[in-house]
Each structure stands twice: as structure tokens, then as C-alpha cells.
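For reference, protein-v8.cif is printed below; it contains mmCIF, C-alpha atoms and all ligand atoms.
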data_run
#
loop_
_atom_site.label_atom_id
_atom_site.label_comp_id
_atom_site.auth_asym_id
_atom_site.auth_seq_id
_atom_site.Cartn_x
_atom_site.Cartn_y
_atom_site.Cartn_z
CA MET A 1 14.15 14.24 17.50
CA LYS A 2 14.04 11.35 15.08
CA ASN A 3 11.14 8.91 14.90
CA ASN A 4 8.77 11.25 16.69
CA LYS A 5 5.92 10.55 14.28
CA TYR A 6 4.54 7.12 13.75
CA ILE A 7 1.55 4.90 13.23
CA SER A 8 0.95 2.64 16.18
CA ILE A 9 -0.97 -0.63 16.05
CA GLU A 10 -2.26 -2.11 19.29
CA ASN A 11 -3.67 -5.62 19.60
CA LEU A 12 -5.61 -5.45 16.39
CA LYS A 13 -8.16 -8.19 15.84
CA PHE A 14 -10.29 -8.47 12.75
CA ARG A 15 -12.43 -10.92 10.83
CA TYR A 16 -14.80 -10.51 7.90
CA SER A 17 -18.42 -10.79 8.93
CA GLY A 18 -19.90 -14.20 8.26
CA GLN A 19 -16.44 -15.65 7.62
CA ASN A 20 -14.75 -17.64 10.34
CA ASP A 21 -11.85 -19.19 8.44
CA PHE A 22 -9.61 -16.14 8.46
CA ARG A 23 -8.67 -14.01 11.45
CA LEU A 24 -6.18 -11.20 11.65
CA ASN A 25 -4.39 -10.86 14.94
CA ILE A 26 -1.69 -8.19 15.08
CA GLU A 27 0.09 -7.54 18.34
CA ASN A 28 1.69 -4.20 19.20
CA CYS A 29 3.84 -2.70 16.49
CA GLU A 30 4.79 0.64 15.01
CA ILE A 31 5.41 2.06 11.55
CA VAL A 32 8.13 4.65 12.00
CA ARG A 33 8.84 7.50 9.61
CA ASP A 34 12.46 6.57 9.06
CA ASN A 35 11.76 3.09 7.71
CA ILE A 36 10.47 2.16 4.31
CA LEU A 37 8.34 -0.74 5.38
CA GLY A 38 7.67 -3.73 3.18
CA ILE A 39 4.87 -6.11 4.15
CA TYR A 40 5.36 -9.56 2.65
CA GLY A 41 3.25 -12.70 2.86
CA LEU A 42 1.84 -15.48 0.75
CA ALA A 43 -1.53 -15.20 -1.03
CA GLY A 44 -4.36 -15.02 1.50
CA SER A 45 -2.06 -14.33 4.47
CA GLY A 46 -3.84 -11.04 5.29
CA LYS A 47 -1.69 -8.29 3.72
CA THR A 48 -4.52 -6.40 2.03
CA THR A 49 -6.71 -6.72 5.12
CA LEU A 50 -3.94 -5.25 7.28
CA GLY A 51 -3.32 -2.46 4.76
CA LYS A 52 -6.98 -1.47 4.80
CA LEU A 53 -7.07 -1.55 8.59
CA ILE A 54 -4.03 0.75 8.76
CA ALA A 55 -5.73 3.12 6.33
CA GLY A 56 -8.92 3.07 8.41
CA MET A 57 -10.97 1.47 5.62
CA LEU A 58 -11.98 -1.52 7.75
CA THR A 59 -13.13 -1.45 11.36
CA PRO A 60 -11.35 -3.80 13.75
CA GLU A 61 -13.20 -6.13 16.08
CA SER A 62 -10.93 -4.89 18.85
CA GLY A 63 -7.66 -3.03 19.24
CA SER A 64 -6.69 0.14 17.41
CA VAL A 65 -4.53 1.94 14.92
CA PHE A 66 -3.58 5.47 15.82
CA TYR A 67 -1.15 8.22 14.99
CA ARG A 68 1.40 9.37 17.53
CA GLU A 69 3.32 12.61 17.18
CA ASN A 70 5.62 13.98 19.90
CA GLY A 71 4.00 11.61 22.39
CA ILE A 72 0.46 12.75 21.58
CA ASP A 73 -1.98 10.21 20.18
CA SER A 74 -4.66 11.04 17.67
CA SER A 75 -7.06 9.17 15.45
CA ILE A 76 -5.86 8.22 11.98
CA SER A 77 -9.18 9.34 10.51
CA GLY A 78 -8.12 12.97 10.05
CA LYS A 79 -4.72 12.04 8.61
CA ASN A 80 -3.83 12.13 4.96
CA ILE A 81 -3.36 8.39 4.45
CA ILE A 82 -3.90 6.88 1.02
CA TYR A 83 -4.31 3.19 0.38
CA SER A 84 -3.56 2.51 -3.28
CA MET A 85 -5.56 -0.60 -3.92
CA GLN A 86 -4.62 -3.98 -5.29
CA PHE A 87 -7.51 -3.93 -7.78
CA PRO A 88 -8.01 -0.36 -9.08
CA GLU A 89 -10.37 -1.81 -11.70
CA ASN A 90 -13.03 -1.78 -8.97
CA ILE A 91 -13.16 1.99 -8.68
CA PHE A 92 -12.38 3.57 -12.01
CA LEU A 93 -15.07 2.01 -14.15
CA GLY A 94 -18.21 3.77 -15.36
CA ILE A 95 -16.75 7.29 -15.37
CA THR A 96 -14.10 8.97 -17.52
CA ILE A 97 -10.57 9.43 -16.26
CA TYR A 98 -11.05 13.20 -16.49
CA GLU A 99 -14.26 13.05 -14.40
CA THR A 100 -12.46 11.01 -11.76
CA VAL A 101 -9.69 13.60 -11.59
CA GLU A 102 -12.17 16.50 -11.52
CA LYS A 103 -14.00 14.95 -8.56
CA LEU A 104 -10.76 14.67 -6.67
CA VAL A 105 -9.67 18.20 -7.58
CA LYS A 106 -12.94 19.54 -6.13
CA ASN A 107 -12.67 17.60 -2.89
CA HIS A 108 -8.95 17.68 -2.12
CA GLU A 109 -7.09 20.51 -0.41
CA LYS A 110 -4.46 20.51 -3.16
CA GLY A 111 -7.14 21.43 -5.74
CA SER A 112 -5.99 21.77 -9.34
CA GLU A 113 -2.38 21.05 -8.36
CA ILE A 114 -3.46 17.41 -8.29
CA GLU A 115 -4.00 17.40 -12.02
CA ILE A 116 -0.61 19.01 -12.66
CA ASP A 117 1.20 16.52 -10.44
CA LEU A 118 -0.74 13.64 -11.95
CA GLN A 119 0.52 14.60 -15.40
CA THR A 120 4.10 14.79 -14.16
CA TYR A 121 3.90 11.33 -12.60
CA LEU A 122 2.20 9.85 -15.67
CA LYS A 123 5.02 11.18 -17.87
CA PHE A 124 7.40 9.29 -15.65
CA PHE A 125 5.59 6.11 -16.77
CA ASP A 126 5.40 7.25 -20.44
CA VAL A 127 1.60 7.68 -20.23
CA ASP A 128 0.05 10.70 -21.98
CA TYR A 129 -2.72 12.16 -19.82
CA ASP A 130 -4.34 13.95 -22.77
CA LEU A 131 -4.68 10.64 -24.56
CA ILE A 132 -6.33 8.75 -21.72
CA LYS A 133 -8.41 11.42 -20.02
CA LYS A 134 -11.51 11.16 -22.23
CA ARG A 135 -11.68 7.42 -21.86
CA ASN A 136 -13.61 5.39 -19.36
CA GLY A 137 -11.67 3.18 -16.93
CA TYR A 138 -12.63 0.06 -18.89
CA GLU A 139 -11.20 1.59 -22.08
CA LEU A 140 -7.69 1.50 -20.66
CA SER A 141 -5.38 -1.49 -20.63
CA SER A 142 -4.80 -2.96 -17.19
CA GLY A 143 -1.23 -1.58 -17.25
CA GLU A 144 -2.48 1.93 -18.07
CA LEU A 145 -5.15 1.73 -15.40
CA ARG A 146 -2.62 0.57 -12.82
CA ARG A 147 -0.26 3.43 -13.74
CA PHE A 148 -3.12 5.93 -13.56
CA ALA A 149 -4.22 4.65 -10.14
CA LEU A 150 -0.66 4.80 -8.79
CA CYS A 151 -0.03 8.28 -10.18
CA LEU A 152 -3.31 9.59 -8.81
CA SER A 153 -2.38 8.30 -5.34
CA LEU A 154 1.02 9.95 -5.62
CA ALA A 155 -0.50 13.23 -6.81
CA CYS A 156 -2.53 13.46 -3.58
CA SER A 157 0.79 13.80 -1.67
CA PRO A 158 -0.37 11.74 1.31
CA ASP A 159 1.55 11.74 4.60
CA LEU A 160 1.42 7.97 4.37
CA LEU A 161 1.02 6.10 1.12
CA ILE A 162 0.18 2.40 1.30
CA LEU A 163 0.82 0.65 -2.01
CA ASP A 164 -0.88 -2.73 -2.29
CA GLU A 165 0.72 -5.00 -4.91
CA PRO A 166 1.80 -1.99 -6.98
CA THR A 167 3.62 -4.00 -9.65
CA ILE A 168 0.59 -5.93 -10.89
CA ALA A 169 0.22 -5.37 -14.66
CA LEU A 170 3.35 -3.24 -14.88
CA GLY A 171 5.81 -5.52 -16.67
CA GLN A 172 9.56 -5.35 -16.17
CA LYS A 173 10.02 -1.80 -17.52
CA GLY A 174 7.13 -0.43 -15.48
CA LYS A 175 8.46 -2.17 -12.42
CA ARG A 176 11.85 -0.47 -12.82
CA GLN A 177 10.13 2.90 -13.31
CA LEU A 178 8.07 2.30 -10.19
CA GLN A 179 11.11 1.33 -8.14
CA ASN A 180 12.87 4.56 -9.12
CA LEU A 181 9.77 6.57 -8.36
CA ILE A 182 9.32 4.97 -4.92
CA LEU A 183 12.97 5.52 -4.01
CA ASP A 184 12.60 9.19 -4.92
CA LEU A 185 9.27 9.49 -3.14
CA THR A 186 10.44 8.03 0.14
CA LYS A 187 12.77 11.01 0.59
CA LYS A 188 9.74 13.21 1.29
CA GLN A 189 6.83 10.90 2.12
CA GLN A 190 6.24 7.83 4.19
CA VAL A 191 5.55 4.79 2.06
CA VAL A 192 4.48 1.26 2.97
CA ILE A 193 4.60 -1.37 0.26
CA ILE A 194 2.51 -4.52 0.47
CA SER A 195 3.51 -7.29 -1.90
CA HIS A 196 4.13 -10.95 -2.43
CA ASP A 197 6.86 -9.82 -4.85
CA PHE A 198 9.85 -9.88 -2.53
CA GLU A 199 12.16 -8.72 -5.33
CA LEU A 200 10.37 -5.36 -5.35
CA LEU A 201 10.36 -5.12 -1.56
CA ARG A 202 14.06 -5.88 -1.37
CA GLU A 203 14.82 -3.10 -3.90
CA CYS A 204 12.70 -0.46 -2.19
CA CYS A 205 12.39 -1.23 1.53
CA ASP A 206 14.76 -1.32 4.46
CA TYR A 207 12.49 -2.91 7.05
CA PHE A 208 10.11 -5.84 6.70
CA TRP A 209 7.08 -7.39 8.31
CA ILE A 210 6.27 -10.90 7.25
CA ILE A 211 2.69 -11.94 7.70
CA ASP A 212 1.51 -15.52 7.79
CA ASN A 213 -2.02 -16.71 8.40
CA GLY A 214 -3.15 -13.36 9.81
CA GLU A 215 -0.20 -12.80 12.13
CA ILE A 216 3.07 -10.92 11.86
CA VAL A 217 5.62 -13.68 12.27
CA PHE A 218 8.70 -11.57 11.63
CA LYS A 219 9.83 -7.93 11.92
CA GLY A 220 13.31 -6.95 10.88
CA LYS A 221 15.92 -6.56 8.18
CA ILE A 222 17.36 -8.63 5.34
CA PRO A 223 20.25 -10.35 7.18
CA GLN A 224 17.87 -11.63 9.87
CA ILE A 225 15.49 -12.96 7.20
CA ARG A 226 18.33 -14.65 5.36
CA ASN A 227 19.46 -16.47 8.49
CA ASN A 228 16.01 -17.75 9.40
CA ILE A 229 15.73 -20.94 7.37
CA GLU A 230 12.45 -22.02 8.99
CA LEU A 231 10.88 -18.65 8.07
CA LEU A 232 12.25 -18.80 4.52
CA LYS A 233 10.69 -22.20 3.97
CA ARG A 234 7.38 -21.43 5.64
CA THR A 235 6.74 -18.24 3.70
CA GLY A 236 8.11 -19.15 0.28
CA LEU A 237 10.98 -16.67 0.67
CA ILE A 238 13.45 -19.48 0.12
CA TYR A 239 13.11 -18.81 -3.62
CA TYR A 240 14.53 -15.30 -3.18
CA PHE A 241 17.64 -16.22 -1.18
N1 LIG B 1 -14.28 -9.11 1.66
C1 LIG B 1 -13.95 -10.30 2.17
N2 LIG B 1 -14.87 -11.09 2.77
C2 LIG B 1 -14.53 -12.30 3.30
N3 LIG B 1 -13.29 -12.80 3.29
C3 LIG B 1 -12.32 -12.06 2.72
C4 LIG B 1 -12.60 -10.78 2.11
N4 LIG B 1 -11.43 -10.27 1.62
C5 LIG B 1 -10.50 -11.20 1.91
N5 LIG B 1 -11.02 -12.27 2.55
C6 LIG B 1 -10.28 -13.44 3.05
O1 LIG B 1 -9.36 -12.99 4.04
C7 LIG B 1 -8.11 -13.65 3.90
C8 LIG B 1 -6.99 -12.62 3.75
O2 LIG B 1 -7.19 -11.93 2.52
P1 LIG B 1 -6.25 -10.75 2.04
O3 LIG B 1 -6.86 -10.18 0.83
O4 LIG B 1 -5.98 -9.84 3.18
O5 LIG B 1 -4.90 -11.55 1.69
P2 LIG B 1 -3.59 -11.08 0.91
O6 LIG B 1 -2.43 -11.47 1.76
O7 LIG B 1 -3.71 -9.65 0.54
O8 LIG B 1 -3.61 -12.02 -0.39
P3 LIG B 1 -3.06 -11.72 -1.88
O9 LIG B 1 -1.56 -11.91 -1.83
O10 LIG B 1 -3.73 -12.79 -2.70
O11 LIG B 1 -3.47 -10.34 -2.27
C9 LIG B 1 -8.24 -14.62 2.74
O12 LIG B 1 -8.54 -15.88 3.27
C10 LIG B 1 -9.43 -14.08 1.98
O13 LIG B 1 -10.12 -15.10 1.33
MG MG B 2 -3.76 -8.64 -1.26
#

Before anything else, please render the file you have as C-alpha cells.
Amino acid sequence: MKNNKYISIENLKFRYSGQNDFRLNIENCEIVRDNILGIYGLAGSGKTTLGKLIAGMLTPESGSVFYRENGIDSSISGKNIIYSMQFPENIFLGITIYETVEKLVKNHEKGSEIEIDLQTYLKFFDVDYDLIKKRNGYELSSGELRRFALCLSLACSPDLLILDEPTIALGQKGKRQLQNLILDLTKKQQVVIISHDFELLRECCDYFWIIDNGEIVFKGKIPQIRNNIELLKRTGLIYYF
């Protein structure tokens, strides 16, 4: 049966503690295996917040995110979901690239295969692992760090990979390489891409959620977006059509 595995979101409400300006309010929706979902929205609309909630990195005020397989619901906490963050700079500083990889190798079920896969993915981006591995995160350029973070996420072979603004610091060539990689990847893994770069989403995704001011204001495909002039204007998508 198709579509028998999915992530389900039910009446998710969230706000950052001590901050009343922004609220996320997501009504019932599902991320199905057969779609490559792109989440688009303007800066500050709530994309990263939603991505972290889906990955279980933030706790909602109410509502839930869970995994449903063959009609049976389970918590997402035991699932292999990786959120590849918008600002990898925050996590890879103060320790060498090799030490970061070693830590992961020790704690991940794939073990040393992670390092092998990491090298394969890095080659795809023309980055030499042997050259960067002795360096600290802050000794890499932002483009190298971004590529490393992406490749490390890929090497973990998650069931669901959430890429948050993956093209930041990549440049046009890196963006093309990433697009090809994502298209290849989606044949075997479920991928969700979060971005305000609709060009990337259009290349890689076949289903879209548009988020505005903490709410999903649209779910659907390209022709429906194109025909919705009010939506195009409100969300800045008018520049892409
Ligand atoms: N840790 C935090 N504490 C308080 N407020 C936050 C925090 N992180 C984000 N916000 C606020 O929550 C709102 C949504 O932020 P979020 O990062 O989810 O937006 P975004 O759509 O990912 O934006 P961008 O396109 O700039 O990445 C913004 O108003 C932001 O200022
Ligand atoms: Mg963001």
C-alpha cells in the first residue's frame, strides 16, 4: 500500500518562552512518504520553528507530532529524524572536524560507515575530507562548513531528513550540486526542505506548504500556487512567477 508511513501533525501550538509576538499554530496535516515537501515562507514566518518541532527538538505548548505506520501511531522520539540546521556554525566550533565525526561514529548505529559515507558525499561537493578533518569548525570557510554539515546529515541515513535553508553559503555551483544530490537522495529517503529560496524548492520538491505568520496558509502544487495571485503577493512568491 502506498503512503502507509507518514508524519502526522495535529493542532500544534507553540511559542517561545517569554516571547509573545510570535505564535505557531499548525492545524492537522501530514507529511507523506511519496511527496518531496518544500516549506516556504518569508523571513520570520516560522519555518525553522516548525522544522524543529517536527524533529522533536522543541516541545509544543499543545498538540502533537507523531509517526504513523500501517495505521499504528508512535512517538517520533525513537525515529531516525535529522534536522540539518540553518546555522551549523553553532555546533561545529571548538572541536576538530575529525573529533565531531568520531563522536558520531561512536554513538550511531551505522558506526564507521558514517565516515565512509561522509567522504563520498564530500567528494560530491569537491571537498577533501583529509584536508579539513584536522581543522576546527572555525577554521573552515562558511561554504565548507555548510557542505560538511549537510554531508554529515546525509551520512547518518535518516528516515526523514529536514534540510533548513540548505543553500546558504553554497554559491551557484554548490546549489546545483545540492539539487542533484537531493534528487538522487529522495529516491531512497524522505526529505523535507525548508527555504525562502523558492527556486531551489521548485527544482527539488513536488508538494509545498507555505507558511505565513506562524500558520500554514497553503498546501499544494505549483499550478495552484501560480493561480493564487493573492498568495503570490502576500508571500513574496510573485517574484518567482
Ligand atoms: N529562540 C528564540 N526565542 C525567541 N524567539 C525566537 C527564537 N527563535 C525564533 N524566534 C522568533 O520566532 C519567529 C519565527 O522564527 P523562525 O526562525 O522560525 O522563522 P523562519 O521562517 O525560519 O525565518 P528565516 O527565513 O529568517 O530563517 C521570529 O519572529 C523569530 O524572531
Ligand atoms: Mg529559518

d(atom O12 of ligand LIG 1 (chain B), CA of Asn213 in chain A) in Å: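 CA of Asn213 in chain A lies at a distance of 8.3 Å from atom O12 of ligand LIG 1 (chain B).
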
Can you tell me which residues surround range 111-123 of chain A at a distance of at most 12 Å, considering all atoms listed in the file, apart from same-chain residues fewer than 3 positions away, and format the answer as a PyMOL selection string? chain A and resi 97-108+126-133+144-158+174+177-178+180-182+184-185

Residues at most 7 Å from Asp159 in chain A, counting all atoms listed in the file, excluding those fewer than 3 positions away in the same chain, as a ChimeraX atom specification? /A:80-81,189-190

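The interatomic distance for the pair CA of Ile26 in chain A and CA of Gly220 in chain A works out to 15.6 Å.
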
Could you check which of A:Asn25, A:Thr235, A:Thr167, A:Asn136 is closest to Pro60 in chain A, using only C-alpha atoms? A:Asn25

So how many Å separate CA of Lys233 in chain A and atom C7 of ligand LIG 1 (chain B), to one decimal?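 Pair CA of Lys233 in chain A / atom C7 of ligand LIG 1 (chain B) returns 20.7 Å.
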
Specify the axis-aligned box that encloses all atoms of ligand LIG 1 (chain B) listed in the file after padding of 8 Å on each side, stating its centre and edge lengths in Å to one decimal as AutoDock Vina command-line options.
--center_x -8.2 --center_y -12.5 --center_z 0.7 --size_x 29.3 --size_y 22.8 --size_z 22.7

Within 7 Å of file point (-11.0, 3.9, -19.1), counting all atoms listed in the file, expressed as a VMD selection string: chain A and resid 93 96 to 97 135 to 140

Contacts between ligand LIG 1 (chain B) and chain A, please, where a residue of chain A counts if it comes within 12 Å (with all atoms listed in the file); show its shortest atom pair and distance in Å to one decimal, rows by chain and ascending number, as a tab-separated table.
residue	atom	partner	partner_atom	distance
A:Phe14	CA	B:LIG1	O1	9.9
A:Arg15	CA	B:LIG1	O1	7.7
A:Tyr16	CA	B:LIG1	C2	4.9
A:Ser17	CA	B:LIG1	C2	7.0
A:Gly18	CA	B:LIG1	C2	7.6
A:Gln19	CA	B:LIG1	C2	5.8
A:Asn20	CA	B:LIG1	N3	8.7
A:Asp21	CA	B:LIG1	O12	7.0
A:Phe22	CA	B:LIG1	O12	5.3
A:Arg23	CA	B:LIG1	O1	7.5
A:Leu24	CA	B:LIG1	C8	8.1
A:Asn25	CA	B:LIG1	C8	11.6
A:Ile39	CA	B:LIG1	O6	9.4
A:Tyr40	CA	B:LIG1	O6	8.1
A:Gly41	CA	B:LIG1	O6	5.9
A:Leu42	CA	B:LIG1	O9	5.6
A:Ala43	CA	B:LIG1	O9	3.4
A:Gly44	CA	B:LIG1	O5	3.5
A:Ser45	CA	B:LIG1	O6	4.0
A:Gly46	CA	B:LIG1	O4	3.2
A:Lys47	CA	B:LIG1	O6	3.8
A:Thr48	CA	B:LIG1	O7	3.7
A:Thr49	CA	B:LIG1	O4	3.7
A:Leu50	CA	B:LIG1	O4	6.5
A:Gly51	CA	B:LIG1	O4	8.0
A:Lys52	CA	B:LIG1	O4	8.6
A:Leu53	CA	B:LIG1	O4	10.0
A:Met57	CA	B:LIG1	N1	11.8
A:Leu58	CA	B:LIG1	N1	10.0
A:Met85	CA	B:LIG1	O11	10.1
A:Gln86	CA	B:LIG1	O11	7.1
A:Phe87	CA	B:LIG1	O11	9.4
A:Leu163	CA	B:LIG1	O7	11.5
A:Asp164	CA	B:LIG1	O7	8.0
A:Glu165	CA	B:LIG1	O11	7.3
A:Pro166	CA	B:LIG1	O11	10.9
A:Ile168	CA	B:LIG1	O11	10.5
A:Ile193	CA	B:LIG1	O7	11.7
A:Ile194	CA	B:LIG1	O7	8.1
A:Ser195	CA	B:LIG1	O9	6.9
A:His196	CA	B:LIG1	O9	5.8
A:Asp197	CA	B:LIG1	O9	9.2
A:Phe198	CA	B:LIG1	O9	11.6
A:Ile210	CA	B:LIG1	O6	10.3
A:Ile211	CA	B:LIG1	O6	7.9
A:Asp212	CA	B:LIG1	O6	8.3
A:Asn213	CA	B:LIG1	C8	7.9
A:Gly214	CA	B:LIG1	C8	7.2
A:Glu215	CA	B:LIG1	O6	10.7
A:Ile216	CA	B:LIG1	O6	11.5
A:Thr235	CA	B:LIG1	O6	11.6

Emit the selected residues as a PDB file, in the coordinates of the input, including C-alpha atoms.
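Result saved to again-v9.pdb:
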ATOM      1  CA  PHE A  14     -10.290  -8.470  12.750  1.00  0.00           C
ATOM      2  CA  ARG A  15     -12.430 -10.920  10.830  1.00  0.00           C
ATOM      3  CA  TYR A  16     -14.800 -10.510   7.900  1.00  0.00           C
ATOM      4  CA  SER A  17     -18.420 -10.790   8.930  1.00  0.00           C
ATOM      5  CA  GLY A  18     -19.900 -14.200   8.260  1.00  0.00           C
ATOM      6  CA  GLN A  19     -16.440 -15.650   7.620  1.00  0.00           C
ATOM      7  CA  ASN A  20     -14.750 -17.640  10.340  1.00  0.00           C
ATOM      8  CA  ASP A  21     -11.850 -19.190   8.440  1.00  0.00           C
ATOM      9  CA  PHE A  22      -9.610 -16.140   8.460  1.00  0.00           C
ATOM     10  CA  ARG A  23      -8.670 -14.010  11.450  1.00  0.00           C
ATOM     11  CA  LEU A  24      -6.180 -11.200  11.650  1.00  0.00           C
ATOM     12  CA  ASN A  25      -4.390 -10.860  14.940  1.00  0.00           C
ATOM     13  CA  ILE A  39       4.870  -6.110   4.150  1.00  0.00           C
ATOM     14  CA  TYR A  40       5.360  -9.560   2.650  1.00  0.00           C
ATOM     15  CA  GLY A  41       3.250 -12.700   2.860  1.00  0.00           C
ATOM     16  CA  LEU A  42       1.840 -15.480   0.750  1.00  0.00           C
ATOM     17  CA  ALA A  43      -1.530 -15.200  -1.030  1.00  0.00           C
ATOM     18  CA  GLY A  44      -4.360 -15.020   1.500  1.00  0.00           C
ATOM     19  CA  SER A  45      -2.060 -14.330   4.470  1.00  0.00           C
ATOM     20  CA  GLY A  46      -3.840 -11.040   5.290  1.00  0.00           C
ATOM     21  CA  LYS A  47      -1.690  -8.290   3.720  1.00  0.00           C
ATOM     22  CA  THR A  48      -4.520  -6.400   2.030  1.00  0.00           C
ATOM     23  CA  THR A  49      -6.710  -6.720   5.120  1.00  0.00           C
ATOM     24  CA  LEU A  50      -3.940  -5.250   7.280  1.00  0.00           C
ATOM     25  CA  GLY A  51      -3.320  -2.460   4.760  1.00  0.00           C
ATOM     26  CA  LYS A  52      -6.980  -1.470   4.800  1.00  0.00           C
ATOM     27  CA  LEU A  53      -7.070  -1.550   8.590  1.00  0.00           C
ATOM     28  CA  MET A  57     -10.970   1.470   5.620  1.00  0.00           C
ATOM     29  CA  LEU A  58     -11.980  -1.520   7.750  1.00  0.00           C
ATOM     30  CA  MET A  85      -5.560  -0.600  -3.920  1.00  0.00           C
ATOM     31  CA  GLN A  86      -4.620  -3.980  -5.290  1.00  0.00           C
ATOM     32  CA  PHE A  87      -7.510  -3.930  -7.780  1.00  0.00           C
ATOM     33  CA  LEU A 163       0.820   0.650  -2.010  1.00  0.00           C
ATOM     34  CA  ASP A 164      -0.880  -2.730  -2.290  1.00  0.00           C
ATOM     35  CA  GLU A 165       0.720  -5.000  -4.910  1.00  0.00           C
ATOM     36  CA  PRO A 166       1.800  -1.990  -6.980  1.00  0.00           C
ATOM     37  CA  ILE A 168       0.590  -5.930 -10.890  1.00  0.00           C
ATOM     38  CA  ILE A 193       4.600  -1.370   0.260  1.00  0.00           C
ATOM     39  CA  ILE A 194       2.510  -4.520   0.470  1.00  0.00           C
ATOM     40  CA  SER A 195       3.510  -7.290  -1.900  1.00  0.00           C
ATOM     41  CA  HIS A 196       4.130 -10.950  -2.430  1.00  0.00           C
ATOM     42  CA  ASP A 197       6.860  -9.820  -4.850  1.00  0.00           C
ATOM     43  CA  PHE A 198       9.850  -9.880  -2.530  1.00  0.00           C
ATOM     44  CA  ILE A 210       6.270 -10.900   7.250  1.00  0.00           C
ATOM     45  CA  ILE A 211       2.690 -11.940   7.700  1.00  0.00           C
ATOM     46  CA  ASP A 212       1.510 -15.520   7.790  1.00  0.00           C
ATOM     47  CA  ASN A 213      -2.020 -16.710   8.400  1.00  0.00           C
ATOM     48  CA  GLY A 214      -3.150 -13.360   9.810  1.00  0.00           C
ATOM     49  CA  GLU A 215      -0.200 -12.800  12.130  1.00  0.00           C
ATOM     50  CA  ILE A 216       3.070 -10.920  11.860  1.00  0.00           C
ATOM     51  CA  THR A 235       6.740 -18.240   3.700  1.00  0.00           C
TER      52      THR A 235
END

Tell me which of A:Leu183, A:Ile91, A:Ala169, A:Val192 sits closest to Ile31 in chain A, counting all atoms listed in the file.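 Once distances to Ile31 in chain A are computed over all atoms listed in the file, the minimum belongs to A:Val192.
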
For a quick check of understanding, using all atoms listed in the file, which of A:Leu200, A:Ile162, A:Ile72, A:Ile238 has the smallest distance to ligand MG 2 (chain B)?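 Counting all atoms listed in the file, the residue closest to ligand MG 2 (chain B) is A:Ile162.
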
Show me as a VMD selection string the residues that reach within 12 Å of (3.1, 12.5, 16.2), counting all atoms listed in the file and using the file's own coordinates. chain A and resid 1 to 8 31 to 33 66 to 76 79 159

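Closest approach to ligand MG 2 (chain B) among A:Ser84, A:Gly78, A:Gly56, A:Ile229: A:Ser84, based on all atoms listed in the file.
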
Name the closest residue to Thr186 in chain A among the candidates A:Leu201, A:Ile222, A:Ile36, A:Ile95; distances are taken between atoms, counting all atoms listed in the file.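 Nearest candidate to Thr186 in chain A out of A:Leu201, A:Ile222, A:Ile36, A:Ile95: A:Ile36.
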
Nearest residue to Cys29 in chain A from the set A:Ala55, A:Gly94, A:Gln179, A:Lys219 (distances using all atoms listed in the file):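 Ranking A:Ala55, A:Gly94, A:Gln179, A:Lys219 by distance to Cys29 in chain A, first place goes to A:Lys219.
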